[in-house]
$ cat model.tsv   # TSV, N, CA and C atoms
chain	number	residue	atom	x	y	z
A	1	GLN	N	2.09	8.30	5.06
A	1	GLN	CA	0.84	7.95	5.68
A	1	GLN	C	-0.30	8.17	4.68
A	2	VAL	N	-1.42	7.49	4.93
A	2	VAL	CA	-2.57	7.59	4.05
A	2	VAL	C	-3.16	9.00	4.16
A	3	GLN	N	-3.37	9.61	3.00
A	3	GLN	CA	-4.04	10.91	2.95
A	3	GLN	C	-5.11	10.89	1.86
A	4	LEU	N	-6.26	11.44	2.19
A	4	LEU	CA	-7.36	11.59	1.24
A	4	LEU	C	-7.81	13.04	1.29
A	5	VAL	N	-7.84	13.69	0.13
A	5	VAL	CA	-8.18	15.12	0.07
A	5	VAL	C	-9.30	15.31	-0.95
A	6	GLU	N	-10.48	15.69	-0.45
A	6	GLU	CA	-11.63	15.92	-1.32
A	6	GLU	C	-11.66	17.35	-1.82
A	7	SER	N	-12.27	17.52	-2.98
A	7	SER	CA	-12.50	18.85	-3.54
A	7	SER	C	-13.68	18.78	-4.50
A	8	GLY	N	-14.15	19.96	-4.91
A	8	GLY	CA	-15.19	20.02	-5.92
A	8	GLY	C	-16.57	20.35	-5.41
A	9	GLY	N	-16.73	20.47	-4.11
A	9	GLY	CA	-18.05	20.82	-3.59
A	9	GLY	C	-18.40	22.26	-3.87
A	10	GLY	N	-19.64	22.62	-3.54
A	10	GLY	CA	-20.09	23.98	-3.75
A	10	GLY	C	-21.58	24.10	-3.70
A	11	LEU	N	-22.06	25.26	-4.12
A	11	LEU	CA	-23.50	25.54	-4.17
A	11	LEU	C	-23.99	25.33	-5.60
A	12	VAL	N	-25.07	24.57	-5.73
A	12	VAL	CA	-25.62	24.27	-7.06
A	12	VAL	C	-27.14	24.28	-6.97
A	13	GLN	N	-27.78	24.66	-8.05
A	13	GLN	CA	-29.24	24.67	-8.07
A	13	GLN	C	-29.79	23.26	-8.27
A	14	PRO	N	-31.01	23.02	-7.80
A	14	PRO	CA	-31.63	21.71	-8.07
A	14	PRO	C	-31.61	21.40	-9.58
A	15	GLY	N	-31.28	20.15	-9.88
A	15	GLY	CA	-31.16	19.73	-11.27
A	15	GLY	C	-29.77	19.90	-11.84
A	16	GLY	N	-28.91	20.57	-11.11
A	16	GLY	CA	-27.55	20.82	-11.58
A	16	GLY	C	-26.62	19.64	-11.34
A	17	SER	N	-25.35	19.86	-11.68
A	17	SER	CA	-24.33	18.81	-11.57
A	17	SER	C	-23.09	19.33	-10.86
A	18	LEU	N	-22.39	18.41	-10.22
A	18	LEU	CA	-21.08	18.66	-9.63
A	18	LEU	C	-20.24	17.41	-9.79
A	19	ARG	N	-18.93	17.59	-9.87
A	19	ARG	CA	-18.02	16.45	-9.83
A	19	ARG	C	-17.08	16.61	-8.64
A	20	LEU	N	-17.15	15.67	-7.74
A	20	LEU	CA	-16.25	15.65	-6.59
A	20	LEU	C	-15.01	14.83	-6.92
A	21	SER	N	-13.89	15.24	-6.38
A	21	SER	CA	-12.64	14.51	-6.54
A	21	SER	C	-12.06	14.19	-5.17
A	22	CYS	N	-11.35	13.08	-5.10
A	22	CYS	CA	-10.65	12.70	-3.88
A	22	CYS	C	-9.26	12.22	-4.28
A	23	ALA	N	-8.25	13.03	-3.97
A	23	ALA	CA	-6.87	12.69	-4.29
A	23	ALA	C	-6.28	11.87	-3.16
A	24	ALA	N	-5.73	10.71	-3.49
A	24	ALA	CA	-5.20	9.78	-2.50
A	24	ALA	C	-3.68	9.71	-2.58
A	25	SER	N	-3.07	9.49	-1.43
A	25	SER	CA	-1.62	9.30	-1.39
A	25	SER	C	-1.27	8.46	-0.18
A	26	GLY	N	-0.05	7.89	-0.21
A	26	GLY	CA	0.43	7.13	0.93
A	26	GLY	C	0.14	5.65	0.89
A	27	PHE	N	-0.46	5.18	-0.21
A	27	PHE	CA	-0.74	3.75	-0.36
A	27	PHE	C	-0.88	3.44	-1.84
A	28	THR	N	-0.88	2.15	-2.16
A	28	THR	CA	-1.01	1.72	-3.55
A	28	THR	C	-2.47	1.79	-3.95
A	29	PHE	N	-2.82	2.89	-4.53
A	29	PHE	CA	-4.22	3.26	-4.75
A	29	PHE	C	-5.01	2.18	-5.49
A	30	SER	N	-4.46	1.63	-6.54
A	30	SER	CA	-5.23	0.72	-7.39
A	30	SER	C	-5.64	-0.56	-6.66
A	31	ARG	N	-5.01	-0.86	-5.56
A	31	ARG	CA	-5.25	-2.14	-4.87
A	31	ARG	C	-6.42	-2.10	-3.88
A	32	TYR	N	-6.97	-0.90	-3.66
A	32	TYR	CA	-7.96	-0.78	-2.58
A	32	TYR	C	-9.28	-0.21	-3.08
A	33	PRO	N	-10.38	-0.67	-2.46
A	33	PRO	CA	-11.67	-0.09	-2.77
A	33	PRO	C	-11.72	1.34	-2.26
A	34	MET	N	-12.49	2.15	-2.94
A	34	MET	CA	-12.70	3.54	-2.54
A	34	MET	C	-14.20	3.80	-2.47
A	35	SER	N	-14.61	4.60	-1.53
A	35	SER	CA	-16.03	4.88	-1.39
A	35	SER	C	-16.28	6.33	-1.05
A	36	TRP	N	-17.51	6.73	-1.29
A	36	TRP	CA	-18.00	8.06	-0.91
A	36	TRP	C	-19.12	7.89	0.11
A	37	TYR	N	-19.08	8.72	1.14
A	37	TYR	CA	-20.13	8.82	2.14
A	37	TYR	C	-20.57	10.27	2.21
A	38	ARG	N	-21.68	10.50	2.87
A	38	ARG	CA	-22.12	11.87	3.09
A	38	ARG	C	-22.80	11.99	4.44
A	39	GLN	N	-22.80	13.21	4.96
A	39	GLN	CA	-23.44	13.47	6.25
A	39	GLN	C	-24.18	14.79	6.14
A	40	ALA	N	-25.51	14.70	6.24
A	40	ALA	CA	-26.34	15.88	6.24
A	40	ALA	C	-26.45	16.42	7.66
A	41	PRO	N	-26.78	17.72	7.81
A	41	PRO	CA	-26.89	18.30	9.15
A	41	PRO	C	-27.87	17.52	10.02
A	42	GLY	N	-27.43	17.15	11.21
A	42	GLY	CA	-28.30	16.45	12.15
A	42	GLY	C	-28.55	15.00	11.83
A	43	LYS	N	-27.84	14.46	10.85
A	43	LYS	CA	-28.06	13.06	10.46
A	43	LYS	C	-26.77	12.26	10.57
A	44	GLU	N	-26.94	10.93	10.54
A	44	GLU	CA	-25.79	10.03	10.56
A	44	GLU	C	-25.08	10.06	9.21
A	45	ARG	N	-23.80	9.77	9.23
A	45	ARG	CA	-23.06	9.62	7.98
A	45	ARG	C	-23.59	8.37	7.26
A	46	GLU	N	-23.78	8.48	5.94
A	46	GLU	CA	-24.34	7.37	5.19
A	46	GLU	C	-23.53	7.06	3.95
A	47	PHE	N	-23.59	5.80	3.55
A	47	PHE	CA	-22.92	5.33	2.35
A	47	PHE	C	-23.57	5.92	1.11
A	48	VAL	N	-22.75	6.27	0.12
A	48	VAL	CA	-23.26	6.79	-1.15
A	48	VAL	C	-22.85	5.88	-2.31
A	49	ALA	N	-21.55	5.56	-2.41
A	49	ALA	CA	-21.08	4.79	-3.56
A	49	ALA	C	-19.75	4.15	-3.24
A	50	LEU	N	-19.48	3.03	-3.92
A	50	LEU	CA	-18.25	2.28	-3.73
A	50	LEU	C	-17.73	1.82	-5.08
A	51	ILE	N	-16.41	1.81	-5.22
A	51	ILE	CA	-15.78	1.19	-6.39
A	51	ILE	C	-14.69	0.27	-5.86
A	52	THR	N	-14.72	-0.98	-6.32
A	52	THR	CA	-13.75	-1.94	-5.82
A	52	THR	C	-12.38	-1.70	-6.46
A	53	SER	N	-11.41	-2.47	-6.01
A	53	SER	CA	-10.05	-2.32	-6.54
A	53	SER	C	-10.02	-2.69	-8.01
A	54	THR	N	-8.98	-2.23	-8.68
A	54	THR	CA	-8.83	-2.52	-10.10
A	54	THR	C	-8.72	-4.02	-10.32
A	55	GLY	N	-8.02	-4.70	-9.41
A	55	GLY	CA	-7.81	-6.13	-9.55
A	55	GLY	C	-9.08	-6.96	-9.44
A	56	THR	N	-10.11	-6.40	-8.82
A	56	THR	CA	-11.39	-7.10	-8.71
A	56	THR	C	-12.42	-6.53	-9.68
A	57	GLY	N	-11.96	-5.74	-10.64
A	57	GLY	CA	-12.83	-5.32	-11.72
A	57	GLY	C	-13.46	-3.95	-11.59
A	58	SER	N	-13.07	-3.19	-10.57
A	58	SER	CA	-13.63	-1.84	-10.36
A	58	SER	C	-15.15	-1.87	-10.40
A	59	ILE	N	-15.72	-2.80	-9.67
A	59	ILE	CA	-17.17	-2.94	-9.60
A	59	ILE	C	-17.75	-1.81	-8.75
A	60	THR	N	-18.89	-1.27	-9.20
A	60	THR	CA	-19.49	-0.14	-8.48
A	60	THR	C	-20.79	-0.55	-7.79
A	61	THR	N	-21.05	0.11	-6.68
A	61	THR	CA	-22.27	-0.09	-5.90
A	61	THR	C	-22.75	1.28	-5.45
A	62	TYR	N	-24.09	1.45	-5.40
A	62	TYR	CA	-24.65	2.76	-5.06
A	62	TYR	C	-25.78	2.65	-4.04
A	63	LYS	N	-25.94	3.70	-3.27
A	63	LYS	CA	-27.14	3.88	-2.45
A	63	LYS	C	-28.32	4.01	-3.42
A	64	ASP	N	-29.45	3.39	-3.05
A	64	ASP	CA	-30.59	3.36	-3.96
A	64	ASP	C	-31.01	4.74	-4.44
A	65	SER	N	-31.01	5.71	-3.56
A	65	SER	CA	-31.55	7.02	-3.92
A	65	SER	C	-30.66	7.80	-4.88
A	66	VAL	N	-29.43	7.34	-5.13
A	66	VAL	CA	-28.55	8.05	-6.07
A	66	VAL	C	-28.32	7.26	-7.35
A	67	LYS	N	-28.85	6.04	-7.42
A	67	LYS	CA	-28.67	5.22	-8.63
A	67	LYS	C	-29.24	5.95	-9.84
A	68	GLY	N	-28.47	5.95	-10.93
A	68	GLY	CA	-28.92	6.62	-12.15
A	68	GLY	C	-28.59	8.10	-12.18
A	69	ARG	N	-28.19	8.66	-11.03
A	69	ARG	CA	-27.84	10.09	-10.98
A	69	ARG	C	-26.35	10.30	-10.69
A	70	PHE	N	-25.78	9.45	-9.85
A	70	PHE	CA	-24.37	9.57	-9.46
A	70	PHE	C	-23.55	8.47	-10.12
A	71	THR	N	-22.29	8.79	-10.43
A	71	THR	CA	-21.37	7.81	-10.99
A	71	THR	C	-20.02	7.93	-10.28
A	72	ILE	N	-19.56	6.83	-9.72
A	72	ILE	CA	-18.23	6.78	-9.11
A	72	ILE	C	-17.25	6.20	-10.11
A	73	SER	N	-16.04	6.75	-10.15
A	73	SER	CA	-15.01	6.24	-11.05
A	73	SER	C	-13.65	6.46	-10.41
A	74	ARG	N	-12.65	5.80	-10.94
A	74	ARG	CA	-11.29	5.94	-10.40
A	74	ARG	C	-10.30	6.10	-11.52
A	75	ASP	N	-9.26	6.88	-11.26
A	75	ASP	CA	-8.15	7.09	-12.18
A	75	ASP	C	-6.89	6.65	-11.44
A	76	ASN	N	-6.37	5.48	-11.80
A	76	ASN	CA	-5.22	4.93	-11.10
A	76	ASN	C	-3.90	5.60	-11.49
A	77	ILE	N	-3.91	6.42	-12.53
A	77	ILE	CA	-2.72	7.19	-12.87
A	77	ILE	C	-2.63	8.41	-11.97
A	78	ARG	N	-3.76	9.07	-11.77
A	78	ARG	CA	-3.81	10.26	-10.92
A	78	ARG	C	-4.10	9.94	-9.45
A	79	ASN	N	-4.31	8.64	-9.13
A	79	ASN	CA	-4.63	8.24	-7.76
A	79	ASN	C	-5.81	9.05	-7.22
A	80	THR	N	-6.84	9.11	-8.03
A	80	THR	CA	-7.99	9.94	-7.69
A	80	THR	C	-9.28	9.16	-7.92
A	81	VAL	N	-10.23	9.33	-7.01
A	81	VAL	CA	-11.57	8.79	-7.19
A	81	VAL	C	-12.52	9.96	-7.37
A	82	TYR	N	-13.49	9.79	-8.25
A	82	TYR	CA	-14.43	10.85	-8.58
A	82	TYR	C	-15.85	10.42	-8.22
A	83	LEU	N	-16.68	11.43	-8.00
A	83	LEU	CA	-18.12	11.20	-7.87
A	83	LEU	C	-18.81	12.24	-8.75
A	84	GLN	N	-19.30	11.80	-9.89
A	84	GLN	CA	-20.07	12.67	-10.77
A	84	GLN	C	-21.51	12.66	-10.30
A	85	MET	N	-22.04	13.83	-9.97
A	85	MET	CA	-23.39	13.93	-9.43
A	85	MET	C	-24.25	14.77	-10.37
A	86	ASN	N	-25.25	14.15	-10.94
A	86	ASN	CA	-26.17	14.83	-11.85
A	86	ASN	C	-27.57	14.87	-11.25
A	87	SER	N	-28.41	15.72	-11.81
A	87	SER	CA	-29.81	15.84	-11.35
A	87	SER	C	-29.87	16.00	-9.84
A	88	LEU	N	-29.08	16.88	-9.33
A	88	LEU	CA	-28.99	17.05	-7.87
A	88	LEU	C	-30.30	17.55	-7.29
A	89	LYS	N	-30.58	17.07	-6.07
A	89	LYS	CA	-31.79	17.42	-5.34
A	89	LYS	C	-31.42	18.07	-4.03
A	90	PRO	N	-32.30	18.87	-3.45
A	90	PRO	CA	-32.00	19.48	-2.14
A	90	PRO	C	-31.61	18.44	-1.08
A	91	GLU	N	-32.18	17.26	-1.16
A	91	GLU	CA	-31.85	16.24	-0.17
A	91	GLU	C	-30.45	15.64	-0.35
A	92	ASP	N	-29.76	16.02	-1.41
A	92	ASP	CA	-28.35	15.63	-1.59
A	92	ASP	C	-27.40	16.56	-0.82
A	93	THR	N	-27.95	17.62	-0.24
A	93	THR	CA	-27.12	18.55	0.53
A	93	THR	C	-26.47	17.83	1.71
A	94	ALA	N	-25.15	17.93	1.79
A	94	ALA	CA	-24.40	17.22	2.83
A	94	ALA	C	-22.91	17.55	2.68
A	95	VAL	N	-22.16	17.13	3.68
A	95	VAL	CA	-20.71	17.08	3.52
A	95	VAL	C	-20.37	15.70	2.99
A	96	TYR	N	-19.61	15.67	1.90
A	96	TYR	CA	-19.25	14.41	1.25
A	96	TYR	C	-17.81	14.04	1.59
A	97	TYR	N	-17.64	12.78	1.99
A	97	TYR	CA	-16.33	12.27	2.41
A	97	TYR	C	-15.93	11.09	1.54
A	98	CYS	N	-14.65	10.98	1.22
A	98	CYS	CA	-14.17	9.74	0.63
A	98	CYS	C	-13.49	8.92	1.70
A	99	LYS	N	-13.46	7.63	1.44
A	99	LYS	CA	-12.97	6.68	2.43
A	99	LYS	C	-12.28	5.52	1.74
A	100	THR	N	-11.23	5.02	2.38
A	100	THR	CA	-10.68	3.73	2.00
A	100	THR	C	-10.44	2.94	3.27
A	101	ALA	N	-10.18	1.66	3.11
A	101	ALA	CA	-9.96	0.81	4.27
A	101	ALA	C	-8.91	-0.23	3.94
A	102	MET	N	-8.04	-0.49	4.89
A	102	MET	CA	-7.01	-1.50	4.73
A	102	MET	C	-6.64	-2.04	6.10
A	103	SER	N	-6.46	-3.34	6.18
A	103	SER	CA	-6.13	-4.01	7.45
A	103	SER	C	-7.10	-3.60	8.55
A	104	SER	N	-8.37	-3.57	8.21
A	104	SER	CA	-9.45	-3.26	9.17
A	104	SER	C	-9.40	-1.84	9.70
A	105	VAL	N	-8.63	-0.96	9.08
A	105	VAL	CA	-8.58	0.44	9.48
A	105	VAL	C	-9.20	1.28	8.38
A	106	SER	N	-10.10	2.18	8.77
A	106	SER	CA	-10.72	3.08	7.81
A	106	SER	C	-10.00	4.43	7.82
A	107	TYR	N	-9.86	4.98	6.63
A	107	TYR	CA	-9.24	6.30	6.48
A	107	TYR	C	-10.24	7.21	5.77
A	108	TRP	N	-10.36	8.43	6.29
A	108	TRP	CA	-11.33	9.39	5.77
A	108	TRP	C	-10.63	10.69	5.38
A	109	GLY	N	-11.23	11.34	4.39
A	109	GLY	CA	-10.80	12.68	4.07
A	109	GLY	C	-11.49	13.68	5.00
A	110	GLN	N	-11.22	14.97	4.74
A	110	GLN	CA	-11.77	16.01	5.60
A	110	GLN	C	-13.18	16.43	5.17
A	111	GLY	N	-13.59	16.03	3.97
A	111	GLY	CA	-14.93	16.33	3.50
A	111	GLY	C	-14.99	17.57	2.62
A	112	THR	N	-16.01	17.59	1.77
A	112	THR	CA	-16.29	18.76	0.94
A	112	THR	C	-17.79	19.01	0.96
A	113	GLN	N	-18.18	20.27	1.15
A	113	GLN	CA	-19.58	20.62	1.34
A	113	GLN	C	-20.30	20.74	-0.01
A	114	VAL	N	-21.46	20.11	-0.10
A	114	VAL	CA	-22.34	20.26	-1.27
A	114	VAL	C	-23.66	20.83	-0.77
A	115	ILE	N	-24.07	21.93	-1.36
A	115	ILE	CA	-25.36	22.54	-1.02
A	115	ILE	C	-26.18	22.65	-2.30
A	116	VAL	N	-27.36	22.03	-2.27
A	116	VAL	CA	-28.26	22.07	-3.42
A	116	VAL	C	-29.45	22.94	-3.03
A	117	SER	N	-29.52	24.12	-3.63
A	117	SER	CA	-30.55	25.08	-3.24
A	117	SER	C	-30.77	26.09	-4.35
A	118	SER	N	-31.99	26.55	-4.46
A	118	SER	CA	-32.30	27.60	-5.42
A	118	SER	C	-32.22	28.97	-4.75
$ encode --input "model.tsv" --output "structure tokens"
Amino acid sequence: QVQLVESGGGLVQPGGSLRLSCAASGFTFSRYPMSWYRQAPGKEREFVALITSTGTGSITTYKDSVKGRFTISRDNIRNTVYLQMNSLKPEDTAVYYCKTAMSSVSYWGQGTQVIVSS
């Protein structure tokens, strides 16, 4: 079955960096788009970044407020998608989730907490 396991969250000061990882299993990883979402306390879950399948060129898309600061990438050998987050701001504080979708079904990980605070 499809499994997504996030890691790499933690507490970081404003201006700092973190790299999130999402290890995938149970499907042919390279064939599917992967994305990151986040949910801040009291807010709706929102899109952060997407990387398309390898066959479509691994094209990336970002939420406007993270462009130039966050980078999504994929490693098809390790079946892992990453989110490199630089210049972090307090408003980036949230639980971060990775997601994939196939046959109109979405699959989510359990999330990893990111707290940006001094």
$ atom_distance --input "model.tsv" --atom1 "atom N of Thr71 (chain A)" --atom2 "atom C of Glu91 (chain A)"
14.7 Å
$ closest_residue --input "model.tsv" --among "A:Val12, A:Val5, A:Ile77, A:Ala24" --to "Val116 (chain A)" --atoms "only N, CA and C atoms"
A:Val12
$ closest_residue --input "model.tsv" --among "A:Tyr82, A:Trp108, A:Tyr96, A:Tyr37" --to "Cys22 (chain A)" --atoms "only C-alpha atoms"
A:Tyr82
$ residues_around --input "model.tsv" --residues "Thr56 (chain A)" --least-positions-apart "2" --cutoff "10 Å" --atoms "only C-alpha atoms" --output "VMD selection string"
chain A and resid 31 to 33 51 to 54 58 to 59
$ residues_around --input "model.tsv" --residues "Ala94 (chain A)" --least-positions-apart "5" --cutoff "9 Å" --atoms "only C-alpha atoms" --output "ChimeraX atom specification"
/A:38-41,112-116
$ atom_distance --input "model.tsv" --atom1 "atom C of Pro90 (chain A)" --atom2 "CA of Leu11 (chain A)"
11.2 Å
$ closest_residue --input "model.tsv" --among "A:Glu46, A:Asp75, A:Asp64, A:Glu6" --to "Phe29 (chain A)" --atoms "only N, CA and C atoms"
A:Asp75
$ atom_distance --input "model.tsv" --atom1 "CA of Glu44 (chain A)" --atom2 "CA of Ser118 (chain A)"
24.6 Å
$ closest_residue --input "model.tsv" --among "A:Asn86, A:Thr80, A:Gln110, A:Thr93" --to "Ser17 (chain A)" --atoms "only N, CA and C atoms"
A:Asn86
$ residues_around --input "model.tsv" --residues "Gln84 (chain A)" --least-positions-apart "3" --cutoff "7 Å" --atoms "only N, CA and C atoms" --output "list in words"
Ser17, Leu18, Arg19, Leu20, Arg69, Phe70, Thr71, Ile72 and Ser73 of chain A
$ residues_around --input "model.tsv" --residues "Tyr107 (chain A)" --least-positions-apart "2" --cutoff "8 Å" --atoms "only N, CA and C atoms" --output "PyMOL selection string"
chain A and resi 2-4+98-102+104-105+109-110
$ closest_residue --input "model.tsv" --among "A:Ser7, A:Ser21, A:Gln1, A:Ser103" --to "Asn79 (chain A)" --atoms "only C-alpha atoms"
A:Ser21
$ residues_near_point --input "model.tsv" --point "(-18.1, 3.8, -4.9)" --cutoff "7 Å" --atoms "only C-alpha atoms" --output "list in words"
Met34, Ser35, Trp36, Ala49, Leu50, Ile51, Thr60, Thr61, Tyr62 and Ile72 of chain A
$ select_by_dssp --input "model.tsv" --residues "chain A" --states "strand (DSSP E or B)" --output "PyMOL selection string"
chain A and resi 3-7+10-12+18-25+34-39+46-51+60-62+70-75+80-85+94-102+105-108+112-116
$ select_by_dssp --input "model.tsv" --residues "chain A" --states "helix (DSSP H, G or I)" --output "PDB file with N, CA and C atoms, in the coordinates of the input"
ATOM      1  N   PHE A  29      -2.820   2.890  -4.530  1.00  0.00           N
ATOM      2  CA  PHE A  29      -4.220   3.260  -4.750  1.00  0.00           C
ATOM      3  C   PHE A  29      -5.010   2.180  -5.490  1.00  0.00           C
ATOM      4  N   SER A  30      -4.460   1.630  -6.540  1.00  0.00           N
ATOM      5  CA  SER A  30      -5.230   0.720  -7.390  1.00  0.00           C
ATOM      6  C   SER A  30      -5.640  -0.560  -6.660  1.00  0.00           C
ATOM      7  N   ARG A  31      -5.010  -0.860  -5.560  1.00  0.00           N
ATOM      8  CA  ARG A  31      -5.250  -2.140  -4.870  1.00  0.00           C
ATOM      9  C   ARG A  31      -6.420  -2.100  -3.880  1.00  0.00           C
ATOM     10  N   THR A  54      -8.980  -2.230  -8.680  1.00  0.00           N
ATOM     11  CA  THR A  54      -8.830  -2.520 -10.100  1.00  0.00           C
ATOM     12  C   THR A  54      -8.720  -4.020 -10.320  1.00  0.00           C
ATOM     13  N   GLY A  55      -8.020  -4.700  -9.410  1.00  0.00           N
ATOM     14  CA  GLY A  55      -7.810  -6.130  -9.550  1.00  0.00           C
ATOM     15  C   GLY A  55      -9.080  -6.960  -9.440  1.00  0.00           C
ATOM     16  N   THR A  56     -10.110  -6.400  -8.820  1.00  0.00           N
ATOM     17  CA  THR A  56     -11.390  -7.100  -8.710  1.00  0.00           C
ATOM     18  C   THR A  56     -12.420  -6.530  -9.680  1.00  0.00           C
ATOM     19  N   ASP A  64     -29.450   3.390  -3.050  1.00  0.00           N
ATOM     20  CA  ASP A  64     -30.590   3.360  -3.960  1.00  0.00           C
ATOM     21  C   ASP A  64     -31.010   4.740  -4.440  1.00  0.00           C
ATOM     22  N   SER A  65     -31.010   5.710  -3.560  1.00  0.00           N
ATOM     23  CA  SER A  65     -31.550   7.020  -3.920  1.00  0.00           C
ATOM     24  C   SER A  65     -30.660   7.800  -4.880  1.00  0.00           C
ATOM     25  N   VAL A  66     -29.430   7.340  -5.130  1.00  0.00           N
ATOM     26  CA  VAL A  66     -28.550   8.050  -6.070  1.00  0.00           C
ATOM     27  C   VAL A  66     -28.320   7.260  -7.350  1.00  0.00           C
ATOM     28  N   PRO A  90     -32.300  18.870  -3.450  1.00  0.00           N
ATOM     29  CA  PRO A  90     -32.000  19.480  -2.140  1.00  0.00           C
ATOM     30  C   PRO A  90     -31.610  18.440  -1.080  1.00  0.00           C
ATOM     31  N   GLU A  91     -32.180  17.260  -1.160  1.00  0.00           N
ATOM     32  CA  GLU A  91     -31.850  16.240  -0.170  1.00  0.00           C
ATOM     33  C   GLU A  91     -30.450  15.640  -0.350  1.00  0.00           C
ATOM     34  N   ASP A  92     -29.760  16.020  -1.410  1.00  0.00           N
ATOM     35  CA  ASP A  92     -28.350  15.630  -1.590  1.00  0.00           C
ATOM     36  C   ASP A  92     -27.400  16.560  -0.820  1.00  0.00           C
TER      37      ASP A  92
END
$ closest_residue --input "model.tsv" --among "A:Ser117, A:Arg78, A:Ser87, A:Gly111" --to "Gly8 (chain A)" --atoms "all atoms listed in the file"
A:Gly111
$ axis_aligned_box --input "model.tsv" --around "region 22-26 of chain A" --padding-each-side "8 Å" --output "JSON"
{"center_x": -5.5, "center_y": 9.4, "center_z": -2.1, "size_x": 27.8, "size_y": 23.4, "size_z": 22.0}
